[in-house]
$ cat my_file.cif   # mmCIF, C-alpha atoms
data_target
loop_
_atom_site.label_atom_id
_atom_site.label_comp_id
_atom_site.auth_asym_id
_atom_site.auth_seq_id
_atom_site.Cartn_x
_atom_site.Cartn_y
_atom_site.Cartn_z
CA ALA A 1 -7.23 6.57 -14.28
CA GLN A 2 -4.07 7.27 -12.39
CA THR A 3 -0.98 5.19 -13.06
CA VAL A 4 2.30 4.89 -11.20
CA THR A 5 5.44 3.69 -12.95
CA GLN A 6 8.62 2.44 -11.36
CA SER A 7 11.01 1.84 -14.22
CA GLN A 8 13.72 0.07 -12.23
CA PRO A 9 12.72 -3.49 -11.30
CA GLU A 10 15.98 -3.90 -9.38
CA MET A 11 18.75 -1.66 -8.07
CA SER A 12 22.00 -2.49 -6.33
CA VAL A 13 24.14 -0.21 -4.15
CA GLN A 14 27.21 -0.57 -1.98
CA GLU A 15 26.73 -0.19 1.75
CA ALA A 16 27.24 3.46 2.85
CA GLU A 17 26.64 4.76 -0.68
CA THR A 18 23.67 6.77 -1.96
CA VAL A 19 20.98 5.38 -4.24
CA THR A 20 18.01 6.97 -5.98
CA LEU A 21 14.82 5.09 -6.87
CA SER A 22 12.65 6.52 -9.63
CA CYS A 23 8.90 6.94 -9.76
CA THR A 24 6.69 8.72 -12.26
CA TYR A 25 2.93 9.05 -12.17
CA ASP A 26 0.13 10.17 -14.40
CA THR A 27 -2.80 12.18 -13.08
CA SER A 28 -5.07 15.02 -14.08
CA GLU A 29 -5.51 16.07 -10.44
CA SER A 30 -3.72 19.08 -8.99
CA ASP A 31 -3.98 18.05 -5.33
CA TYR A 32 -2.74 14.66 -4.25
CA TYR A 33 -0.42 12.72 -1.99
CA LEU A 34 2.60 10.60 -2.84
CA PHE A 35 4.17 7.91 -0.70
CA TRP A 36 7.10 5.56 -0.58
CA TYR A 37 6.56 2.25 1.22
CA LYS A 38 9.23 -0.29 2.07
CA GLN A 39 8.51 -4.04 2.10
CA PRO A 40 11.32 -6.11 3.64
CA PRO A 41 11.36 -9.93 3.41
CA SER A 42 9.04 -10.02 6.44
CA ARG A 43 6.36 -8.78 4.00
CA GLN A 44 5.28 -5.92 6.28
CA MET A 45 4.47 -2.70 4.39
CA ILE A 46 6.26 0.17 6.14
CA LEU A 47 5.72 3.84 5.36
CA VAL A 48 9.01 5.52 4.48
CA ILE A 49 7.95 9.01 3.48
CA ARG A 50 4.91 11.06 2.47
CA GLN A 51 4.66 14.14 0.25
CA GLU A 52 1.73 16.49 -0.20
CA ALA A 53 1.60 17.87 -3.75
CA TYR A 54 0.73 21.38 -2.57
CA LYS A 55 3.98 21.58 -0.60
CA GLN A 56 6.94 22.71 -2.66
CA GLN A 57 9.44 21.59 -0.06
CA ASN A 58 10.71 18.06 -0.53
CA ALA A 59 9.95 15.71 2.35
CA THR A 60 12.80 14.18 4.34
CA GLU A 61 12.98 11.51 7.02
CA ASN A 62 16.47 10.98 8.38
CA ARG A 63 18.48 9.26 5.58
CA PHE A 64 15.48 9.23 3.22
CA SER A 65 14.54 12.19 1.07
CA VAL A 66 12.50 12.77 -2.05
CA ASN A 67 12.90 14.85 -5.16
CA PHE A 68 9.37 15.91 -6.05
CA GLN A 69 8.99 17.49 -9.49
CA LYS A 70 5.30 18.27 -9.89
CA ALA A 71 5.44 19.54 -13.45
CA ALA A 72 7.36 16.47 -14.56
CA LYS A 73 5.17 14.19 -12.40
CA SER A 74 8.25 12.66 -10.90
CA PHE A 75 8.79 11.51 -7.31
CA SER A 76 12.17 9.88 -6.69
CA LEU A 77 13.45 8.51 -3.39
CA LYS A 78 17.05 9.08 -2.31
CA ILE A 79 18.56 6.86 0.35
CA SER A 80 21.79 8.19 1.80
CA ASP A 81 24.39 6.13 3.68
CA SER A 82 22.72 2.88 2.63
CA GLN A 83 22.54 0.21 5.30
CA LEU A 84 22.02 -3.55 5.08
CA GLY A 85 18.62 -3.09 6.70
CA ASP A 86 17.50 -0.96 3.76
CA ALA A 87 17.38 -4.04 1.54
CA ALA A 88 13.74 -4.45 0.54
CA MET A 89 11.13 -3.86 -2.14
CA TYR A 90 10.22 -0.19 -2.40
CA PHE A 91 6.82 0.86 -3.67
CA CYS A 92 5.78 4.28 -4.84
CA ALA A 93 2.09 5.09 -4.30
CA TYR A 94 -0.33 7.86 -5.24
CA ARG A 95 -3.61 9.04 -3.85
CA PRO A 96 -5.75 12.01 -4.93
CA MET A 97 -6.61 14.45 -2.16
CA TYR A 98 -10.32 13.93 -2.82
CA SER A 99 -11.67 10.68 -4.19
CA GLY A 100 -14.54 12.58 -5.83
CA GLY A 101 -16.84 9.59 -5.77
CA GLY A 102 -14.22 7.25 -7.14
CA ALA A 103 -12.53 4.46 -5.23
CA ASP A 104 -10.65 5.74 -2.22
CA GLY A 105 -7.34 3.94 -2.07
CA LEU A 106 -3.71 4.00 -3.06
CA THR A 107 -2.46 3.34 -6.58
CA PHE A 108 0.87 1.52 -6.39
CA GLY A 109 3.76 1.07 -8.75
CA LYS A 110 5.12 -2.43 -9.32
CA GLY A 111 8.06 -1.90 -7.01
CA THR A 112 11.85 -1.73 -7.09
CA HIS A 113 13.91 -4.44 -5.44
CA LEU A 114 16.82 -2.78 -3.65
CA ILE A 115 19.93 -4.87 -2.96
CA ILE A 116 22.60 -3.63 -0.56
CA GLN A 117 26.08 -4.96 -1.26
CA PRO A 118 28.24 -5.25 1.90
CA ASP B 1 3.16 0.67 14.85
CA ALA B 2 -0.56 0.88 14.19
CA GLY B 3 -2.52 -1.85 15.93
CA ILE B 4 -3.64 -3.96 13.00
CA THR B 5 -3.91 -7.73 12.97
CA GLN B 6 -4.98 -10.09 10.22
CA SER B 7 -6.22 -13.64 10.58
CA PRO B 8 -5.40 -16.18 9.48
CA ARG B 9 -1.82 -15.37 8.48
CA HIS B 10 -1.65 -18.34 6.12
CA LYS B 11 -4.39 -20.43 4.55
CA VAL B 12 -4.53 -23.19 1.98
CA THR B 13 -7.93 -24.04 0.58
CA GLU B 14 -9.55 -25.85 -2.32
CA THR B 15 -11.21 -24.34 -5.36
CA GLY B 16 -14.90 -23.68 -4.79
CA THR B 17 -14.75 -23.34 -1.01
CA PRO B 18 -15.73 -20.14 0.82
CA VAL B 19 -12.98 -18.22 2.60
CA THR B 20 -13.18 -15.31 5.03
CA LEU B 21 -10.23 -13.17 6.01
CA ARG B 22 -10.42 -10.89 9.04
CA CYS B 23 -8.79 -7.55 9.69
CA HIS B 24 -8.91 -6.18 13.23
CA GLN B 25 -7.74 -2.75 14.35
CA THR B 26 -7.38 -1.16 17.77
CA GLU B 27 -6.82 2.41 16.49
CA ASN B 28 -10.48 3.41 16.06
CA HIS B 29 -9.68 4.57 12.51
CA ARG B 30 -12.65 5.25 10.27
CA TYR B 31 -11.26 3.92 6.98
CA MET B 32 -10.27 0.33 6.27
CA TYR B 33 -9.03 -1.24 3.03
CA TRP B 34 -8.33 -4.61 1.48
CA TYR B 35 -5.55 -4.97 -1.11
CA ARG B 36 -4.09 -7.94 -2.90
CA GLN B 37 -0.44 -8.26 -3.89
CA ASP B 38 0.66 -10.35 -6.85
CA PRO B 39 4.07 -10.61 -8.50
CA GLY B 40 4.49 -7.90 -11.12
CA HIS B 41 1.41 -5.97 -9.99
CA GLY B 42 2.27 -4.15 -6.78
CA LEU B 43 -0.77 -3.83 -4.52
CA ARG B 44 -4.28 -3.39 -5.90
CA LEU B 45 -7.37 -2.23 -4.06
CA ILE B 46 -10.18 -4.78 -3.69
CA HIS B 47 -12.72 -3.04 -1.43
CA TYR B 48 -12.70 -0.35 1.20
CA SER B 49 -14.88 0.93 4.01
CA TYR B 50 -15.44 4.52 5.12
CA GLY B 51 -17.47 3.64 8.19
CA VAL B 52 -19.56 0.94 9.83
CA LYS B 53 -21.74 -0.69 7.16
CA ASP B 54 -20.33 1.72 4.52
CA THR B 55 -18.27 -0.06 1.88
CA ASP B 56 -17.36 0.41 -1.76
CA LYS B 57 -15.57 -1.39 -4.57
CA GLY B 58 -11.98 -0.98 -5.64
CA GLU B 59 -10.09 -1.84 -8.79
CA VAL B 60 -10.28 -5.66 -8.50
CA SER B 61 -13.52 -6.37 -6.61
CA ASP B 62 -14.95 -9.19 -8.76
CA GLY B 63 -15.29 -12.41 -6.75
CA TYR B 64 -14.96 -10.64 -3.39
CA SER B 65 -17.39 -9.24 -0.86
CA VAL B 66 -16.80 -7.35 2.38
CA SER B 67 -18.60 -6.51 5.56
CA ARG B 68 -18.02 -4.11 8.42
CA SER B 69 -20.39 -4.43 11.35
CA LYS B 70 -18.01 -2.86 13.88
CA THR B 71 -15.44 -0.11 13.62
CA GLU B 72 -12.63 -2.48 14.50
CA ASP B 73 -13.38 -5.37 12.13
CA PHE B 74 -13.37 -5.56 8.32
CA LEU B 75 -14.04 -8.95 6.74
CA LEU B 76 -13.13 -10.03 3.22
CA THR B 77 -15.03 -13.01 1.82
CA LEU B 78 -14.32 -15.13 -1.21
CA GLU B 79 -17.68 -16.83 -1.79
CA SER B 80 -16.18 -19.55 -3.99
CA ALA B 81 -12.40 -19.41 -4.12
CA THR B 82 -10.60 -19.78 -7.45
CA SER B 83 -6.92 -20.36 -8.22
CA SER B 84 -6.67 -16.80 -9.58
CA GLN B 85 -7.35 -15.59 -6.04
CA THR B 86 -4.12 -17.11 -4.77
CA SER B 87 -2.36 -14.02 -3.46
CA VAL B 88 -1.14 -12.13 -0.45
CA TYR B 89 -3.90 -10.02 1.06
CA PHE B 90 -3.21 -6.85 3.01
CA CYS B 91 -5.52 -4.86 5.20
CA ALA B 92 -4.84 -1.15 5.74
CA ILE B 93 -6.38 1.55 7.92
CA SER B 94 -6.41 5.34 7.89
CA ARG B 95 -7.85 7.94 10.21
CA GLY B 96 -9.63 9.83 7.47
CA GLU B 97 -9.79 10.45 3.76
CA GLY B 98 -6.35 11.33 2.48
CA ASP B 99 -4.58 10.33 5.67
CA THR B 100 -1.66 7.94 5.59
CA GLN B 101 -2.60 4.28 5.31
CA TYR B 102 -0.99 1.80 7.70
CA PHE B 103 -0.84 -1.84 6.77
CA GLY B 104 -1.39 -5.11 8.56
CA PRO B 105 1.06 -8.01 8.32
CA GLY B 106 -0.71 -9.71 5.39
CA THR B 107 -2.37 -13.07 4.79
CA ARG B 108 -0.96 -15.55 2.31
CA LEU B 109 -3.83 -17.44 0.65
CA THR B 110 -3.28 -20.43 -1.60
CA VAL B 111 -6.20 -21.86 -3.57
CA LEU B 112 -5.50 -25.32 -4.96
#

$ encode --input "my_file.cif" --output "structure tokens"
Amino acid sequence: AQTVTQSQPEMSVQEAETVTLSCTYDTSESDYYLFWYKQPPSRQMILVIRQEAYKQQNATENRFSVNFQKAAKSFSLKISDSQLGDAAMYFCAYRPMYSGGGADGLTFGKGTHLIIQP
Amino acid sequence: DAGITQSPRHKVTETGTPVTLRCHQTENHRYMYWYRQDPGHGLRLIHYSYGVKDTDKGEVSDGYSVSRSKTEDFLLTLESATSSQTSVYFCAISRGEGDTQYFGPGTRLTVL
């Protein structure tokens, strides 16, 4: 079974600084997708970024970028120029490209609580 | 934002009572999912649907059943609620297998 590990329960960063959230995963699959979701206090789950494992180029979305290391099974999220609105829980998630008869859904890490210091 | 609504948004019920949560989408997406979120566990898959009347179990399906009679609606039923089912329940949708999942606003369920 796949597992996703977020080793930092909580991180704190000064406004306008850069922060990196860690995520590692365990899988025997070669083709899969990785995601970062943001959950602010409103509880809404918001997609931040998506990475296809077959793409070597790291995904970016404005101030958010990832460092995808397939061999190391590592998928970290970098937030540049942190803003107060970035304060939230961040979840890393994994999904195989083909469910292969198994349950089709996302496997989530336990989350990292990001605090932005003004 | 994807057009996903969940009802009710909050519910308090007693142990042993049946509870049904509804997820409604206006995106005509084929796949729908139910997850639960508990402190220290992230989100875990309960059941999912890959088409009308086509459903399957997820990681934590015991004590839950689902139904999907229309593309737009996916119902989650707790036949006899227990305190261990106190949680926040999220519905998600995706266009196809492997596509990005978009989440509803969640339902907070408390079983006393």

$ atom_distance --input "my_file.cif" --atom1 "CA of Ser69 in chain B" --atom2 "CA of His10 in chain B"
23.9 Å

$ axis_aligned_box --input "my_file.cif" --around "range 68-83 of chain A" --padding-each-side "4 Å" --output "AutoDock Vina command-line options"
--center_x 14.8 --center_y 9.9 --center_z -4.6 --size_x 27.2 --size_y 27.3 --size_z 27.9

$ residues_around --input "my_file.cif" --residues "Ile46 in chain A" --least-positions-apart "3" --cutoff "10 Å" --atoms "only C-alpha atoms" --output "ChimeraX atom specification"
/A:36-40,43,49,90-91 /B:1,101-105

$ resolve_selection --input "my_file.cif" --expression "the PyMOL selection byres ((chain B) within 6 of (chain A))" --output "list in words"
Gly40, His41, Gly42, Leu43, Gly58, Gly98, Phe103 and Pro105 of chain B

$ residues_near_point --input "my_file.cif" --point "(19.4, -1.9, 7.0)" --cutoff "12 Å" --atoms "only C-alpha atoms" --output "PyMOL selection string"
chain A and resi 14-16+38+40-41+63+79-88+114-118

$ atom_distance --input "my_file.cif" --atom1 "CA of Gln85 in chain B" --atom2 "CA of Asp56 in chain B"
19.4 Å

$ residues_around --input "my_file.cif" --residues "Lys78 in chain A" --least-positions-apart "2" --cutoff "12 Å" --atoms "only C-alpha atoms" --output "PyMOL selection string"
chain A and resi 13+17-23+36+48-49+58-68+75-76+80-82+86+90+114

$ resolve_selection --input "my_file.cif" --expression "the PyMOL selection byres ((chain B and resi 96) around 8)" --output "PyMOL selection string"
chain B and resi 29-31+94-95+97-99

$ write_last_selection --input "my_file.cif" --atoms "C-alpha atoms" --output "PDB file, keeping the file's coordinate frame"
ATOM      1  CA  HIS B  29      -9.680   4.570  12.510  1.00  0.00           C
ATOM      2  CA  ARG B  30     -12.650   5.250  10.270  1.00  0.00           C
ATOM      3  CA  TYR B  31     -11.260   3.920   6.980  1.00  0.00           C
ATOM      4  CA  SER B  94      -6.410   5.340   7.890  1.00  0.00           C
ATOM      5  CA  ARG B  95      -7.850   7.940  10.210  1.00  0.00           C
ATOM      6  CA  GLU B  97      -9.790  10.450   3.760  1.00  0.00           C
ATOM      7  CA  GLY B  98      -6.350  11.330   2.480  1.00  0.00           C
ATOM      8  CA  ASP B  99      -4.580  10.330   5.670  1.00  0.00           C
TER       9      ASP B  99
END

$ residues_near_point --input "my_file.cif" --point "(-16.1, -1.4, 15.9)" --cutoff "9 Å" --atoms "all atoms listed in the file" --output "PyMOL selection string"
chain B and resi 25-26+28+52+68-73

$ resolve_selection --input "my_file.cif" --expression "the PyMOL selection byres ((chain B and resi 90) around 10)" --output "MDAnalysis selection string"
(chainID A and resid 43:45) or (chainID B and resid 6 21 23 33:37 43:46 87:89 91:92 103:108)

$ write_last_selection --input "my_file.cif" --atoms "C-alpha atoms" --output "short mmCIF file (atom, residue, chain, number, x, y, z; two decimals), in the frame of the given file"
data_model
loop_
_atom_site.label_atom_id
_atom_site.label_comp_id
_atom_site.auth_asym_id
_atom_site.auth_seq_id
_atom_site.Cartn_x
_atom_site.Cartn_y
_atom_site.Cartn_z
CA ARG A 43 6.36 -8.78 4.00
CA GLN A 44 5.28 -5.92 6.28
CA MET A 45 4.47 -2.70 4.39
CA GLN B 6 -4.98 -10.09 10.22
CA LEU B 21 -10.23 -13.17 6.01
CA CYS B 23 -8.79 -7.55 9.69
CA TYR B 33 -9.03 -1.24 3.03
CA TRP B 34 -8.33 -4.61 1.48
CA TYR B 35 -5.55 -4.97 -1.11
CA ARG B 36 -4.09 -7.94 -2.90
CA GLN B 37 -0.44 -8.26 -3.89
CA LEU B 43 -0.77 -3.83 -4.52
CA ARG B 44 -4.28 -3.39 -5.90
CA LEU B 45 -7.37 -2.23 -4.06
CA ILE B 46 -10.18 -4.78 -3.69
CA SER B 87 -2.36 -14.02 -3.46
CA VAL B 88 -1.14 -12.13 -0.45
CA TYR B 89 -3.90 -10.02 1.06
CA CYS B 91 -5.52 -4.86 5.20
CA ALA B 92 -4.84 -1.15 5.74
CA PHE B 103 -0.84 -1.84 6.77
CA GLY B 104 -1.39 -5.11 8.56
CA PRO B 105 1.06 -8.01 8.32
CA GLY B 106 -0.71 -9.71 5.39
CA THR B 107 -2.37 -13.07 4.79
CA ARG B 108 -0.96 -15.55 2.31
#

$ atom_distance --input "my_file.cif" --atom1 "CA of Glu14 in chain B" --atom2 "CA of Ala81 in chain B"
7.3 Å

$ residues_around --input "my_file.cif" --residues "Val111 in chain B" --least-positions-apart "4" --cutoff "8 Å" --atoms "all atoms listed in the file" --output "number ranges by chain"
B: 12-15, 81-86

$ decode --input "my_file.cif" --residues "range 45-65 of chain A" --atoms "N, CA, C and O atoms" --output "mmCIF file, in the first residue's frame"
data_model
loop_
_atom_site.group_PDB
_atom_site.id
_atom_site.type_symbol
_atom_site.label_atom_id
_atom_site.label_comp_id
_atom_site.auth_asym_id
_atom_site.auth_seq_id
_atom_site.Cartn_x
_atom_site.Cartn_y
_atom_site.Cartn_z
ATOM 1 N N MET A 45 -10.867 22.475 0.816
ATOM 2 C CA MET A 45 -9.649 21.872 0.268
ATOM 3 C C MET A 45 -9.402 22.499 -1.104
ATOM 4 O O MET A 45 -10.217 22.365 -2.017
ATOM 5 N N ILE A 46 -8.258 23.147 -1.248
ATOM 6 C CA ILE A 46 -7.940 23.897 -2.467
ATOM 7 C C ILE A 46 -6.692 23.310 -3.115
ATOM 8 O O ILE A 46 -5.662 23.182 -2.457
ATOM 9 N N LEU A 47 -6.781 22.956 -4.375
ATOM 10 C CA LEU A 47 -5.610 22.442 -5.081
ATOM 11 C C LEU A 47 -4.579 23.557 -5.242
ATOM 12 O O LEU A 47 -4.896 24.640 -5.719
ATOM 13 N N VAL A 48 -3.350 23.262 -4.857
ATOM 14 C CA VAL A 48 -2.257 24.216 -5.024
ATOM 15 C C VAL A 48 -1.462 23.896 -6.285
ATOM 16 O O VAL A 48 -1.202 24.771 -7.115
ATOM 17 N N ILE A 49 -1.084 22.623 -6.413
ATOM 18 C CA ILE A 49 -0.206 22.258 -7.518
ATOM 19 C C ILE A 49 -0.294 20.757 -7.769
ATOM 20 O O ILE A 49 -0.589 19.988 -6.850
ATOM 21 N N ARG A 50 -0.045 20.363 -9.000
ATOM 22 C CA ARG A 50 -0.114 18.966 -9.415
ATOM 23 C C ARG A 50 1.145 18.636 -10.219
ATOM 24 O O ARG A 50 1.605 19.454 -11.010
ATOM 25 N N GLN A 51 1.656 17.413 -9.995
ATOM 26 C CA GLN A 51 2.853 16.956 -10.698
ATOM 27 C C GLN A 51 2.607 15.564 -11.258
ATOM 28 O O GLN A 51 2.143 14.686 -10.523
ATOM 29 N N GLU A 52 2.896 15.372 -12.530
ATOM 30 C CA GLU A 52 2.856 14.039 -13.111
ATOM 31 C C GLU A 52 4.251 13.428 -12.992
ATOM 32 O O GLU A 52 5.233 14.089 -13.340
ATOM 33 N N ALA A 53 4.341 12.191 -12.533
ATOM 34 C CA ALA A 53 5.645 11.574 -12.282
ATOM 35 C C ALA A 53 6.472 11.400 -13.551
ATOM 36 O O ALA A 53 7.702 11.364 -13.494
ATOM 37 N N TYR A 54 5.820 11.279 -14.710
ATOM 38 C CA TYR A 54 6.563 11.080 -15.947
ATOM 39 C C TYR A 54 7.179 12.373 -16.476
ATOM 40 O O TYR A 54 7.982 12.349 -17.406
ATOM 41 N N LYS A 55 6.813 13.492 -15.878
ATOM 42 C CA LYS A 55 7.384 14.776 -16.295
ATOM 43 C C LYS A 55 8.588 15.109 -15.407
ATOM 44 O O LYS A 55 8.474 15.135 -14.186
ATOM 45 N N GLN A 56 9.716 15.344 -16.021
ATOM 46 C CA GLN A 56 10.905 15.669 -15.235
ATOM 47 C C GLN A 56 10.882 17.103 -14.740
ATOM 48 O O GLN A 56 11.470 17.424 -13.712
ATOM 49 N N GLN A 57 10.195 17.965 -15.490
ATOM 50 C CA GLN A 57 10.154 19.369 -15.100
ATOM 51 C C GLN A 57 9.283 19.557 -13.876
ATOM 52 O O GLN A 57 8.162 19.040 -13.810
ATOM 53 N N ASN A 58 9.794 20.326 -12.913
ATOM 54 C CA ASN A 58 9.035 20.605 -11.703
ATOM 55 C C ASN A 58 7.893 21.568 -12.004
ATOM 56 O O ASN A 58 8.059 22.565 -12.692
ATOM 57 N N ALA A 59 6.717 21.267 -11.434
ATOM 58 C CA ALA A 59 5.552 22.118 -11.641
ATOM 59 C C ALA A 59 5.684 23.425 -10.870
ATOM 60 O O ALA A 59 6.286 23.465 -9.786
ATOM 61 N N THR A 60 5.144 24.487 -11.428
ATOM 62 C CA THR A 60 5.106 25.785 -10.747
ATOM 63 C C THR A 60 3.748 26.423 -10.978
ATOM 64 O O THR A 60 3.125 26.230 -12.023
ATOM 65 N N GLU A 61 3.311 27.176 -9.966
ATOM 66 C CA GLU A 61 2.077 27.953 -10.057
ATOM 67 C C GLU A 61 2.316 29.245 -9.293
ATOM 68 O O GLU A 61 2.190 29.307 -8.084
ATOM 69 N N ASN A 62 2.691 30.275 -10.027
ATOM 70 C CA ASN A 62 2.948 31.581 -9.424
ATOM 71 C C ASN A 62 4.008 31.456 -8.324
ATOM 72 O O ASN A 62 5.147 31.075 -8.595
ATOM 73 N N ARG A 63 3.674 31.731 -7.071
ATOM 74 C CA ARG A 63 4.666 31.706 -5.984
ATOM 75 C C ARG A 63 4.928 30.294 -5.451
ATOM 76 O O ARG A 63 5.764 30.109 -4.565
ATOM 77 N N PHE A 64 4.200 29.318 -5.971
ATOM 78 C CA PHE A 64 4.313 27.942 -5.490
ATOM 79 C C PHE A 64 5.077 27.095 -6.508
ATOM 80 O O PHE A 64 4.768 27.139 -7.708
ATOM 81 N N SER A 65 6.044 26.355 -6.023
ATOM 82 C CA SER A 65 6.784 25.456 -6.897
ATOM 83 C C SER A 65 7.118 24.197 -6.117
ATOM 84 O O SER A 65 7.071 24.180 -4.887
#
